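Source file: target.cif; contents: mmCIF, C-alpha atoms.
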data_protein
loop_
_atom_site.label_atom_id
_atom_site.label_comp_id
_atom_site.auth_asym_id
_atom_site.auth_seq_id
_atom_site.Cartn_x
_atom_site.Cartn_y
_atom_site.Cartn_z
CA MET X 1236 0.00 0.00 0.00
CA VAL X 1237 2.79 2.38 0.95
CA ASP X 1238 4.37 1.69 -2.42
CA TYR X 1239 1.29 2.88 -4.27
CA LEU X 1240 1.08 6.00 -2.12
CA LEU X 1241 4.72 6.70 -2.89
CA ILE X 1242 4.04 6.33 -6.61
CA LEU X 1243 1.27 8.91 -6.32
CA VAL X 1244 3.45 11.39 -4.41
CA SER X 1245 6.28 10.78 -6.83
CA THR X 1246 4.24 11.37 -9.98
CA ILE X 1247 2.17 14.27 -8.66
CA LEU X 1248 4.88 16.31 -6.95
CA VAL X 1249 8.42 15.02 -7.25
CA ASN X 1250 8.50 13.87 -10.88
CA ASN X 1251 5.63 16.04 -12.04
CA PHE X 1252 5.17 15.34 -15.74
CA VAL X 1253 4.79 18.94 -16.80
CA LEU X 1254 7.12 20.93 -14.59
CA VAL X 1255 9.89 18.42 -13.91
CA GLN X 1256 9.85 16.03 -16.89
CA PHE X 1257 8.56 18.67 -19.36
CA LEU X 1258 5.99 16.41 -21.00
CA GLY X 1259 2.61 17.70 -22.15
CA LEU X 1260 3.73 21.30 -22.43
CA CYS X 1261 1.50 22.10 -25.40
CA PRO X 1262 -1.82 21.84 -23.53
CA PHE X 1263 -0.10 23.36 -20.49
CA MET X 1264 0.57 26.58 -22.42
CA GLY X 1265 -2.35 26.24 -24.82
CA VAL X 1266 -5.45 25.76 -22.70
CA SER X 1267 -4.42 27.59 -19.54
CA ASN X 1268 -5.97 30.95 -20.48
CA LYS X 1269 -9.24 30.27 -18.72
CA LEU X 1270 -9.69 28.37 -15.47
CA GLU X 1271 -12.88 26.75 -16.69
CA THR X 1272 -11.36 25.25 -19.83
CA ALA X 1273 -8.29 24.20 -17.85
CA MET X 1274 -10.53 22.22 -15.52
CA GLY X 1275 -12.29 20.61 -18.48
CA MET X 1276 -8.95 19.63 -19.95
CA SER X 1277 -7.75 18.28 -16.59
CA LEU X 1278 -10.81 16.08 -16.22
CA ALA X 1279 -10.53 14.69 -19.73
CA THR X 1280 -6.80 14.08 -19.39
CA THR X 1281 -7.14 12.34 -16.04
CA PHE X 1282 -9.68 9.96 -17.48
CA VAL X 1283 -7.81 9.17 -20.70
CA LEU X 1284 -4.36 9.01 -19.12
CA THR X 1285 -5.39 6.44 -16.51
CA LEU X 1286 -7.27 4.34 -19.04
CA SER X 1287 -4.58 4.44 -21.72
CA SER X 1288 -1.90 3.65 -19.15
CA VAL X 1289 -3.75 0.45 -18.30
CA CYS X 1290 -4.57 -0.45 -21.91
CA SER X 1291 -1.04 0.06 -23.17
CA TYR X 1292 0.29 -2.01 -20.26
CA LEU X 1293 -2.07 -4.85 -21.22
CA THR X 1294 -1.10 -4.57 -24.88
CA TYR X 1295 2.58 -4.76 -23.99
CA GLU X 1296 2.20 -7.59 -21.52
CA PHE X 1297 -0.10 -9.86 -23.54
CA ILE X 1298 0.68 -9.08 -27.18
CA LEU X 1299 4.07 -7.46 -27.68
CA GLU X 1300 6.12 -9.39 -25.14
CA PRO X 1301 4.90 -12.94 -25.91
CA LEU X 1302 5.49 -12.33 -29.63
CA ASP X 1303 8.92 -10.80 -28.90
CA ILE X 1304 8.19 -7.62 -30.85
CA THR X 1305 8.67 -5.09 -28.05
CA TYR X 1306 10.51 -2.80 -30.47
CA LEU X 1307 7.07 -1.95 -31.89
CA LYS X 1308 5.91 -0.52 -28.58
CA THR X 1309 5.84 3.15 -29.64
CA ILE X 1310 3.66 2.64 -32.69
CA SER X 1311 1.33 0.21 -30.96
CA PHE X 1312 0.94 2.53 -27.95
CA ILE X 1313 -0.02 5.38 -30.26
CA LEU X 1314 -2.59 3.06 -31.79
CA VAL X 1315 -3.91 2.14 -28.34
CA ILE X 1316 -4.09 5.77 -27.20
CA ALA X 1317 -5.90 6.90 -30.34
CA VAL X 1318 -8.46 4.12 -29.95
CA VAL X 1319 -8.97 4.77 -26.23
CA VAL X 1320 -9.55 8.47 -26.90
CA GLN X 1321 -11.95 7.80 -29.77
CA PHE X 1322 -13.88 5.19 -27.84
CA THR X 1323 -14.08 7.40 -24.75
CA GLU X 1324 -15.37 10.26 -26.86
CA MET X 1325 -18.12 8.16 -28.42
CA PHE X 1326 -19.11 6.62 -25.12
CA VAL X 1327 -19.19 9.90 -23.19
CA ARG X 1328 -21.13 11.58 -25.97
CA LYS X 1329 -23.84 8.96 -25.72
CA ALA X 1330 -23.78 8.30 -21.99
CA SER X 1331 -23.42 11.81 -20.62
CA PRO X 1332 -24.00 14.77 -22.96
CA VAL X 1333 -23.33 17.12 -20.03
CA LEU X 1334 -19.86 15.70 -19.42
CA TYR X 1335 -19.29 15.70 -23.19
CA LYS X 1336 -20.13 19.40 -23.21
CA VAL X 1337 -17.73 20.09 -20.34
CA LEU X 1338 -14.87 18.18 -21.95
CA GLY X 1339 -15.75 19.47 -25.41
CA VAL X 1340 -12.93 19.76 -27.89
CA PHE X 1341 -10.27 18.74 -25.35
CA LEU X 1342 -11.09 15.05 -25.53
CA PRO X 1343 -9.78 14.45 -29.09
CA LEU X 1344 -6.89 16.85 -28.42
CA ILE X 1345 -5.51 14.50 -25.78
CA THR X 1346 -4.44 12.04 -28.49
CA THR X 1347 -1.58 14.38 -29.28
CA ASN X 1348 -0.63 15.01 -25.65
CA CYS X 1349 2.89 13.68 -25.29
CA ALA X 1350 2.40 13.00 -21.57
CA VAL X 1351 -0.01 10.19 -22.49
CA LEU X 1352 2.54 8.39 -24.64
CA GLY X 1353 5.22 9.28 -22.09
CA VAL X 1354 3.35 7.53 -19.28
CA ALA X 1355 2.82 4.43 -21.40
CA LEU X 1356 6.51 4.20 -22.30
CA LEU X 1357 7.75 5.01 -18.78
CA ASN X 1358 5.51 2.25 -17.37
CA ILE X 1359 7.43 -0.24 -19.48
CA LYS X 1360 10.80 1.31 -18.74
CA LYS X 1361 10.17 1.24 -14.99
CA GLU X 1362 8.81 -2.34 -15.24
CA ASN X 1363 5.64 -1.42 -13.35
CA ASP X 1364 3.12 -4.20 -12.78
CA PHE X 1365 -0.60 -3.82 -13.49
CA ILE X 1366 -1.67 -2.00 -10.28
CA GLU X 1367 1.46 0.14 -10.38
CA SER X 1368 0.62 1.15 -13.96
CA VAL X 1369 -2.84 2.25 -12.86
CA PHE X 1370 -1.43 4.38 -10.06
CA TYR X 1371 1.38 5.70 -12.22
CA GLY X 1372 -1.04 6.83 -14.93
CA PHE X 1373 -3.50 8.27 -12.44
CA GLY X 1374 -0.78 10.09 -10.50
CA ALA X 1375 0.68 11.54 -13.68
CA ALA X 1376 -2.79 12.78 -14.64
CA VAL X 1377 -3.45 14.32 -11.23
CA GLY X 1378 -0.06 16.02 -11.34
CA PHE X 1379 -0.85 17.38 -14.80
CA SER X 1380 -4.27 18.60 -13.62
CA LEU X 1381 -2.79 20.21 -10.52
CA VAL X 1382 -0.25 22.34 -12.34
CA LEU X 1383 -2.63 23.11 -15.22
CA VAL X 1384 -5.31 24.44 -12.87
CA LEU X 1385 -2.76 26.35 -10.77
CA PHE X 1386 -1.21 27.84 -13.88
CA ALA X 1387 -4.59 28.81 -15.37
CA ALA X 1388 -5.58 30.51 -12.13
CA MET X 1389 -2.32 32.46 -12.15
CA ARG X 1390 -2.73 33.47 -15.79
CA GLU X 1391 -6.22 34.78 -15.09
CA ARG X 1392 -4.71 37.05 -12.44
CA ILE X 1393 -1.82 38.06 -14.67
CA ALA X 1394 -4.30 39.03 -17.39
CA VAL X 1395 -5.68 41.84 -15.23
CA SER X 1396 -2.41 42.96 -13.65
CA ASP X 1397 -0.01 45.66 -14.70
CA VAL X 1398 2.47 43.68 -16.84
CA PRO X 1399 5.30 45.67 -18.52
CA VAL X 1400 4.72 45.86 -22.27
CA PRO X 1401 7.61 43.61 -23.43
CA PHE X 1402 6.44 40.81 -21.12
CA GLN X 1403 2.75 40.84 -22.03
CA GLY X 1404 1.03 37.75 -23.39
CA ALA X 1405 2.94 34.50 -23.85
CA ALA X 1406 6.21 35.91 -22.48
CA ILE X 1407 4.96 36.36 -18.93
CA GLY X 1408 3.29 32.93 -19.25
CA MET X 1409 6.64 31.32 -20.05
CA ILE X 1410 8.33 33.10 -17.15
CA THR X 1411 5.57 32.03 -14.77
CA ALA X 1412 5.88 28.44 -15.97
CA GLY X 1413 9.64 28.60 -15.40
CA LEU X 1414 9.19 29.90 -11.86
CA MET X 1415 6.63 27.18 -11.15
CA SER X 1416 9.10 24.61 -12.43
CA LEU X 1417 11.77 26.03 -10.09
CA ALA X 1418 9.32 25.81 -7.21
CA PHE X 1419 8.59 22.16 -8.00
CA MET X 1420 12.34 21.46 -7.90
CA GLY X 1421 11.95 21.94 -4.16
CA PHE X 1422 10.35 18.49 -4.03
CA THR X 1423 13.45 16.80 -5.45
CA GLY X 1424 14.63 13.96 -3.25
CA LEU X 1425 11.40 13.79 -1.25
CA VAL X 1426 10.74 10.33 -2.65
CA THR X 1427 13.02 8.09 -4.66
CA LEU X 1428 11.60 5.25 -6.64
CA MET L 1367 9.88 -14.77 -39.78
CA THR L 1368 10.07 -12.16 -37.01
CA LEU L 1369 9.17 -9.53 -39.58
CA LEU L 1370 6.08 -11.47 -40.53
CA THR L 1371 5.07 -11.88 -36.88
CA ALA L 1372 5.48 -8.16 -36.34
CA ILE L 1373 3.39 -7.24 -39.36
CA LEU L 1374 0.70 -9.77 -38.50
CA ALA L 1375 0.58 -8.68 -34.87
CA LEU L 1376 0.19 -5.02 -35.78
CA VAL L 1377 -2.40 -5.76 -38.44
CA GLY L 1378 -4.26 -7.94 -35.96
CA LEU L 1379 -4.12 -5.21 -33.34
CA ALA L 1380 -5.36 -2.63 -35.83
CA LEU L 1381 -8.18 -4.95 -36.92
CA ILE L 1382 -9.32 -5.53 -33.34
CA PHE L 1383 -9.26 -1.81 -32.58
CA GLY L 1384 -11.04 -1.05 -35.83
CA ALA L 1385 -13.73 -3.55 -34.92
CA ILE L 1386 -14.11 -2.01 -31.45
CA LEU L 1387 -14.44 1.48 -32.90
CA GLY L 1388 -16.81 0.30 -35.61
CA PHE L 1389 -18.96 -1.39 -33.00
CA ALA L 1390 -18.86 1.69 -30.78
CA SER L 1391 -19.83 4.04 -33.59
CA ILE L 1392 -22.99 2.00 -34.18
CA ARG L 1393 -23.73 1.19 -30.56
CA TYR L 1394 -23.22 4.76 -29.31
CA LYS L 1395 -24.62 6.58 -32.30
CA VAL L 1396 -25.93 10.07 -31.50
CA GLU L 1397 -28.65 11.62 -33.64
CA GLY L 1398 -28.00 15.10 -34.94
CA ASN L 1399 -25.18 17.41 -34.09
CA PRO L 1400 -25.35 18.39 -30.41
CA ILE L 1401 -23.21 21.49 -30.93
CA VAL L 1402 -25.79 22.90 -33.36
CA ASP L 1403 -28.52 22.46 -30.74
CA GLN L 1404 -26.34 24.14 -28.12
CA ILE L 1405 -25.68 27.12 -30.41
CA ASP L 1406 -29.34 27.26 -31.37
CA ALA L 1407 -30.31 27.38 -27.69
CA LEU L 1408 -28.15 30.49 -27.21
CA LEU L 1409 -29.60 32.37 -30.18
CA PRO L 1410 -32.59 34.61 -29.40
CA GLN L 1411 -35.02 32.66 -31.65
CA THR L 1412 -36.40 35.80 -33.24
CA GLN L 1413 -36.15 34.07 -36.65
CA CYS L 1414 -35.60 37.57 -38.03
CA GLY L 1415 -33.08 36.67 -40.73
CA GLN L 1416 -30.91 39.74 -40.06
CA CYS L 1417 -27.88 37.44 -40.05
CA SER L 1418 -28.68 36.71 -43.75
CA TYR L 1419 -29.71 33.14 -42.88
CA PRO L 1420 -33.39 32.11 -43.06
CA GLY L 1421 -33.65 31.61 -39.30
CA CYS L 1422 -31.85 30.89 -36.07
CA LYS L 1423 -31.36 27.16 -36.68
CA PRO L 1424 -29.70 27.63 -40.10
CA TYR L 1425 -27.45 30.29 -38.58
CA ALA L 1426 -26.57 27.87 -35.77
CA GLU L 1427 -25.62 25.27 -38.38
CA ALA L 1428 -23.52 27.87 -40.20
CA ILE L 1429 -21.73 28.80 -36.96
CA ALA L 1430 -20.99 25.14 -36.33
CA ASN L 1431 -19.39 25.10 -39.79
CA GLY L 1432 -17.21 28.11 -39.06
CA GLU L 1433 -19.42 31.15 -39.72
CA LYS L 1434 -18.70 34.29 -37.65
CA ILE L 1435 -20.59 34.65 -34.36
CA ASN L 1436 -21.21 38.41 -34.53
CA LYS L 1437 -24.10 38.56 -36.99
CA CYS L 1438 -27.03 38.48 -34.60
CA PRO L 1439 -28.29 41.99 -33.77
CA PRO L 1440 -31.29 40.91 -31.65
CA GLY L 1441 -29.04 38.83 -29.41
CA GLY L 1442 -26.47 41.59 -29.19
CA GLU L 1443 -23.34 41.47 -27.08
CA SER L 1444 -24.63 39.00 -24.51
CA THR L 1445 -25.34 36.40 -27.21
CA ILE L 1446 -21.93 36.96 -28.80
CA ASN L 1447 -20.25 36.49 -25.41
CA ALA L 1448 -22.25 33.35 -24.69
CA LEU L 1449 -21.37 31.92 -28.13
CA ALA L 1450 -17.70 32.83 -27.69
CA ASP L 1451 -17.75 31.08 -24.34
CA LEU L 1452 -19.35 27.95 -25.77
CA LEU L 1453 -17.07 27.73 -28.79
CA GLY L 1454 -13.89 28.82 -27.02
CA VAL L 1455 -13.18 31.77 -29.33
CA GLU L 1456 -12.64 35.46 -28.69
CA PRO L 1457 -15.81 37.56 -28.61
CA GLU L 1458 -16.02 40.13 -31.42
CA PRO L 1459 -18.03 43.34 -31.64
CA LEU L 1460 -21.37 43.11 -33.41
CA ASP L 1461 -21.09 43.28 -37.21
CA ALA L 1462 -22.78 46.60 -38.04
CA GLU L 1463 -23.55 45.34 -41.56
CA HIS L 1464 -26.35 43.20 -40.16
CA GLY L 1465 -27.94 45.88 -37.97
CA GLU L 1466 -27.52 47.37 -34.54
CA GLU L 1467 -28.39 46.06 -31.15
CA SER L 1468 -31.52 47.62 -29.66
CA VAL L 1469 -33.77 47.07 -26.69
CA THR L 1470 -36.30 44.25 -26.79
CA LYS L 1471 -39.34 45.35 -28.77
CA VAL L 1472 -42.76 44.01 -29.55
CA ALA L 1473 -44.91 44.80 -32.59
CA VAL L 1474 -48.25 46.52 -32.03
CA ILE L 1475 -50.84 46.99 -34.80
CA ARG L 1476 -52.88 50.21 -34.69
CA GLU L 1477 -56.05 48.27 -35.16
CA ASP L 1478 -58.36 51.03 -36.40
CA GLU L 1479 -55.95 51.66 -39.31
CA CYS L 1480 -55.52 48.02 -40.31
CA ILE L 1481 -57.09 47.18 -43.68
CA GLY L 1482 -56.80 43.41 -43.29
CA CYS L 1483 -54.37 42.71 -46.14
CA THR L 1484 -52.66 39.71 -44.41
CA LYS L 1485 -49.23 40.83 -45.66
CA CYS L 1486 -47.83 41.05 -42.15
CA ILE L 1487 -49.18 37.58 -41.35
CA GLN L 1488 -47.20 36.15 -44.26
CA ALA L 1489 -44.07 38.02 -43.15
CA CYS L 1490 -44.18 36.89 -39.52
CA PRO L 1491 -41.63 34.08 -38.95
CA VAL L 1492 -43.19 32.92 -35.67
CA ASP L 1493 -46.92 33.16 -36.50
CA ALA L 1494 -47.51 35.78 -33.86
CA ILE L 1495 -50.07 37.78 -35.90
CA LEU L 1496 -53.67 36.76 -35.79
CA GLY L 1497 -56.24 37.79 -38.43
CA ALA L 1498 -57.88 37.00 -41.77
CA ALA L 1499 -58.39 38.76 -45.12
CA LYS L 1500 -60.44 41.97 -44.76
CA GLN L 1501 -60.49 41.40 -41.02
CA MET L 1502 -58.53 43.39 -38.48
CA HIS L 1503 -55.20 41.83 -37.43
CA THR L 1504 -53.58 41.84 -34.05
CA VAL L 1505 -50.29 40.73 -32.54
CA ILE L 1506 -50.00 38.08 -29.84
CA ALA L 1507 -47.52 39.96 -27.68
CA SER L 1508 -46.20 36.88 -25.86
CA GLU L 1509 -45.31 35.21 -29.20
CA CYS L 1510 -43.79 38.28 -30.87
CA THR L 1511 -39.99 38.24 -31.01
CA GLY L 1512 -39.63 41.87 -32.08
CA CYS L 1513 -37.91 41.06 -35.37
CA ASP L 1514 -39.22 44.05 -37.41
CA LEU L 1515 -40.09 41.85 -40.39
CA CYS L 1516 -43.78 42.80 -40.40
CA VAL L 1517 -43.16 46.56 -40.45
CA GLU L 1518 -41.86 46.69 -44.02
CA PRO L 1519 -44.70 44.86 -45.86
CA CYS L 1520 -47.54 46.82 -44.20
CA PRO L 1521 -49.09 49.03 -46.94
CA VAL L 1522 -50.65 51.51 -44.49
CA ASP L 1523 -47.77 51.61 -41.97
CA CYS L 1524 -49.97 50.78 -39.04
CA ILE L 1525 -47.43 48.61 -37.18
CA ASP L 1526 -45.36 50.15 -34.40
CA MET L 1527 -42.37 48.59 -32.68
CA VAL L 1528 -42.84 49.36 -29.01
CA PRO L 1529 -40.04 48.74 -26.45
CA VAL L 1530 -40.99 46.20 -23.81
CA ALA L 1531 -40.93 47.70 -20.32
CA PRO L 1532 -39.29 45.42 -17.74
CA THR L 1533 -41.81 43.70 -15.53
CA VAL L 1534 -41.32 42.12 -12.14
CA GLN L 1535 -40.75 38.81 -13.95
CA THR L 1536 -38.24 40.03 -16.54
CA TRP L 1537 -36.22 42.55 -14.55
CA SER L 1538 -32.74 41.44 -13.55
CA TRP L 1539 -29.68 42.87 -11.91
CA GLU L 1540 -27.04 44.35 -14.14
CA GLN L 1541 -24.10 42.03 -14.76
CA PRO L 1542 -21.11 42.65 -12.46
CA VAL L 1543 -17.94 44.04 -14.04
CA THR L 1544 -15.82 41.31 -15.63
CA PRO L 1545 -12.01 41.30 -15.47
CA ALA L 1546 -11.87 42.03 -19.22
CA GLU L 1547 -13.98 45.16 -18.73
CA LEU L 1548 -11.77 46.18 -15.83
CA VAL L 1549 -8.73 46.01 -18.11
CA GLN L 1550 -10.58 48.05 -20.70
CA ALA L 1551 -11.59 50.62 -18.09
CA LYS L 1552 -8.01 50.78 -16.84
CA ASN L 1553 -6.67 51.34 -20.35
CA ASP L 1554 -9.18 54.14 -20.73
CA ASN L 1555 -7.80 55.62 -17.47
CA LEU L 1556 -11.12 55.30 -15.73
CA ILE L 1557 -9.52 53.50 -12.81
CA ILE L 1558 -6.56 55.08 -11.07
CA THR L 1559 -3.47 52.88 -10.91
CA ASP L 1560 0.15 53.45 -10.03
CA LYS L 1561 1.00 53.48 -13.74
CA GLY L 1562 0.15 57.06 -14.61
CA ARG L 1563 0.88 58.62 -11.24
CA GLY L 1564 4.33 59.98 -12.01
CA GLU L 1565 3.25 61.57 -15.29
CA ALA L 1566 0.20 63.16 -13.75
CA ALA L 1567 2.14 64.93 -11.00
#
Can you give me the file's structure in the form of structure tokens?
Amino acid sequence: MVDYLLILVSTILVNNFVLVQFLGLCPFMGVSNKLETAMGMSLATTFVLTLSSVCSYLTYEFILEPLDITYLKTISFILVIAVVVQFTEMFVRKASPVLYKVLGVFLPLITTNCAVLGVALLNIKKENDFIESVFYGFGAAVGFSLVLVLFAAMRERIAVSDVPVPFQGAAIGMITAGLMSLAFMGFTGLVTL
Amino acid sequence: MTLLTAILALVGLALIFGAILGFASIRYKVEGNPIVDQIDALLPQTQCGQCSYPGCKPYAEAIANGEKINKCPPGGESTINALADLLGVEPEPLDAEHGEESVTKVAVIREDECIGCTKCIQACPVDAILGAAKQMHTVIASECTGCDLCVEPCPVDCIDMVPVAPTVQTWSWEQPVTPAELVQAKNDNLIITDKGRGEAA
């Protein structure tokens, strides 16, 4: 049990996918202008990331490894992720139009989120077992959501503050992201896995 | 041999996934385009055609296909903001080409002047005018959307557009100031900040 808790702490804070491993930066900069959309994106990513982490683990364990074709893992994981995203979109659209409305355009966008592929590949590299993969994917998603929501909240404040002209827009966003990344470095060494 | 296994495995994987998606697309089929309904729900439903589309639903379909969101004068700024919010785009000022925003109005027929020509009945997009040939017409105020379309065809100009006074049911508080408006106000120097203090002194 402690192991799983450590995985969560590790992925959310210490090895945060966005601010420490620099994966999934495109949605981090792209959809952080409004808090509401950031939350929608976080929800969608959490769902897809956890699910695709599990599915790609199963694909690796039961198809790629027995056939000794593990060198095809990148392409098959992309296949798995694309299918998971598509299937989720169809299912959510039918089952819960409200949730579909909240997630909106972000659901298909997740296919191209590098953090999703990153989690799948890191699972294999770290030789996580099934339960560990679930926690690893979920933790990565929660970490992504945490910094995305924090960052969006900050950008909303920055938008109404007195920013010097050369720093307005994306520039101040980049600087803020850099400072956040520095802050997250404070967690280094808290947990080693 | 390994090459063959690899190809077969990937093809097999792709086939399975294709089958799952194919099954899902039939099993979870959704009728219609939900985004069109959502856009349509935000439009004022005046069916006035000022956007150059025959009604609100066709305009909603056009927006879903990439048409601009600032062509609806009856909805005005609040509709544009709601659409921008829904579609995740920047709100734009109302396109003046399609008319200007005005207060909510309702058509009223001066009944003693009406000659019963039925031209306004044919023009009304929401069937809010009641009457028959050679009979006096009148407007059902609760159905009228205030679209102006009946004013033009009337040969004796007996239709007035009267602003609707707010009632206890329709009155609402003014919207609070949004951050975007605050920025605008600040740029217009309506709010005092530290920025201009040195220059002013």
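The gap separating atom CA of X:Val1377 from atom CA of L:Gly1454 is 23.8 Å, in Å to one decimal.
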Exercise for review: Could you list, as JSON, numbers by chain, the residues of chain L having an atom within 7 Å of chain X when counting all atoms listed in the file?
Suggested key: {"L": [1372, 1383, 1387, 1390, 1391, 1394, 1396, 1545, 1549]}
Review point. Taking into account only C-alpha atoms, which residue in the set L:Thr1412, L:Gln1404, L:Thr1484, L:Gln1501 is nearest to L:Ala1448?
Key: L:Gln1404
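The space between atom CA of X:Pro1343 and atom CA of L:Pro1400 spans 16.1 Å.
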**Study point:** X:Thr1347 environment, 12 Å, all atoms listed in the file, sequence neighbours closer than 4 positions dropped, as a ChimeraX atom specification
**Key:** /X:1258-1262,1280,1283-1284,1313-1314,1316-1317,1320,1341-1343,1351-1353
Could the residues in this selection be saved with C-alpha atoms as a PDB file, in the coordinates of the input?
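Written file, again_26.pdb:
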ATOM      1  CA  LEU X1258       5.990  16.410 -21.000  1.00  0.00           C
ATOM      2  CA  GLY X1259       2.610  17.700 -22.150  1.00  0.00           C
ATOM      3  CA  LEU X1260       3.730  21.300 -22.430  1.00  0.00           C
ATOM      4  CA  CYS X1261       1.500  22.100 -25.400  1.00  0.00           C
ATOM      5  CA  PRO X1262      -1.820  21.840 -23.530  1.00  0.00           C
ATOM      6  CA  THR X1280      -6.800  14.080 -19.390  1.00  0.00           C
ATOM      7  CA  VAL X1283      -7.810   9.170 -20.700  1.00  0.00           C
ATOM      8  CA  LEU X1284      -4.360   9.010 -19.120  1.00  0.00           C
ATOM      9  CA  ILE X1313      -0.020   5.380 -30.260  1.00  0.00           C
ATOM     10  CA  LEU X1314      -2.590   3.060 -31.790  1.00  0.00           C
ATOM     11  CA  ILE X1316      -4.090   5.770 -27.200  1.00  0.00           C
ATOM     12  CA  ALA X1317      -5.900   6.900 -30.340  1.00  0.00           C
ATOM     13  CA  VAL X1320      -9.550   8.470 -26.900  1.00  0.00           C
ATOM     14  CA  PHE X1341     -10.270  18.740 -25.350  1.00  0.00           C
ATOM     15  CA  LEU X1342     -11.090  15.050 -25.530  1.00  0.00           C
ATOM     16  CA  PRO X1343      -9.780  14.450 -29.090  1.00  0.00           C
ATOM     17  CA  VAL X1351      -0.010  10.190 -22.490  1.00  0.00           C
ATOM     18  CA  LEU X1352       2.540   8.390 -24.640  1.00  0.00           C
ATOM     19  CA  GLY X1353       5.220   9.280 -22.090  1.00  0.00           C
TER      20      GLY X1353
END
Could you put an axis-aligned box around every listed atom of stretch 1539-1548 of chain L, padded by 5 Å on each side, and send me its centre and edge lengths in Å to one decimal, as AutoDock Vina command-line options?
--center_x -20.7 --center_y 43.7 --center_z -15.6 --size_x 27.9 --size_y 14.9 --size_z 17.3
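Residues matched by the PyMOL selection byres ((chain L and resi 1525) around 9) in this file are Ala1473, Val1474, Ile1475, Arg1476, Glu1477, Cys1480, Cys1516, Val1517, Cys1520, Val1522, Asp1523, Cys1524, Asp1526 and Met1527 of chain L.
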Check your understanding: For the atom pair atom CA of L:Met1502 and atom CA of L:Lys1485, what is the interatomic distance in Å to one decimal place?
Key -> 12.0 Å
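Residue nearest L:Thr1371, chosen from X:Phe1422, X:Pro1301, X:Met1264, X:Leu1241 and counting all atoms listed in the file: X:Pro1301.
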Practice item. I need the residue set behind the PyMOL selection byres ((chain X and resi 1423) around 10) for this file; please write it as an MDAnalysis selection string. Key: chainID X and resid 1245 1248:1250 1255 1419:1422 1424:1427
For those residues, write C-alpha atoms to a file as a PDB file, keeping the file's coordinate frame.
ATOM      1  CA  SER X1245       6.280  10.780  -6.830  1.00  0.00           C
ATOM      2  CA  LEU X1248       4.880  16.310  -6.950  1.00  0.00           C
ATOM      3  CA  VAL X1249       8.420  15.020  -7.250  1.00  0.00           C
ATOM      4  CA  ASN X1250       8.500  13.870 -10.880  1.00  0.00           C
ATOM      5  CA  VAL X1255       9.890  18.420 -13.910  1.00  0.00           C
ATOM      6  CA  PHE X1419       8.590  22.160  -8.000  1.00  0.00           C
ATOM      7  CA  MET X1420      12.340  21.460  -7.900  1.00  0.00           C
ATOM      8  CA  GLY X1421      11.950  21.940  -4.160  1.00  0.00           C
ATOM      9  CA  PHE X1422      10.350  18.490  -4.030  1.00  0.00           C
ATOM     10  CA  GLY X1424      14.630  13.960  -3.250  1.00  0.00           C
ATOM     11  CA  LEU X1425      11.400  13.790  -1.250  1.00  0.00           C
ATOM     12  CA  VAL X1426      10.740  10.330  -2.650  1.00  0.00           C
ATOM     13  CA  THR X1427      13.020   8.090  -4.660  1.00  0.00           C
TER      14      THR X1427
END
Review point. Using the chain letters and numbers from the file, which residues does the PyMOL selection byres ((chain X and resi 1291) around 10) grab, as a ChimeraX atom specification?
Key: /X:1286-1290,1292-1297,1308-1309,1311-1316,1319,1352,1354-1356,1358-1359,1368
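Counting all atoms listed in the file, the residue from L:Ala1385, L:Ala1499, L:Val1402, L:Leu1369 that sits nearest to L:Ala1428 is L:Val1402.
Ranking X:Met1274, X:Leu1334, X:Val1398, X:Val1369 by their shortest atom-to-atom distance to X:Tyr1239, with only C-alpha atoms included, puts X:Val1369 first.
Every protein, DNA or RNA residue with an atom at most 8 Å from X:Phe1370, where all atoms listed in the file count and chain neighbours fewer than 6 positions away do not, is listed here: Tyr1239, Ile1242, Leu1243 and Thr1285 of chain X.
Closest approach to L:Cys1490 from the set L:Gln1416, L:Thr1445, L:Thr1511, L:Thr1470 is made by L:Thr1511, with distances taken over only C-alpha atoms.
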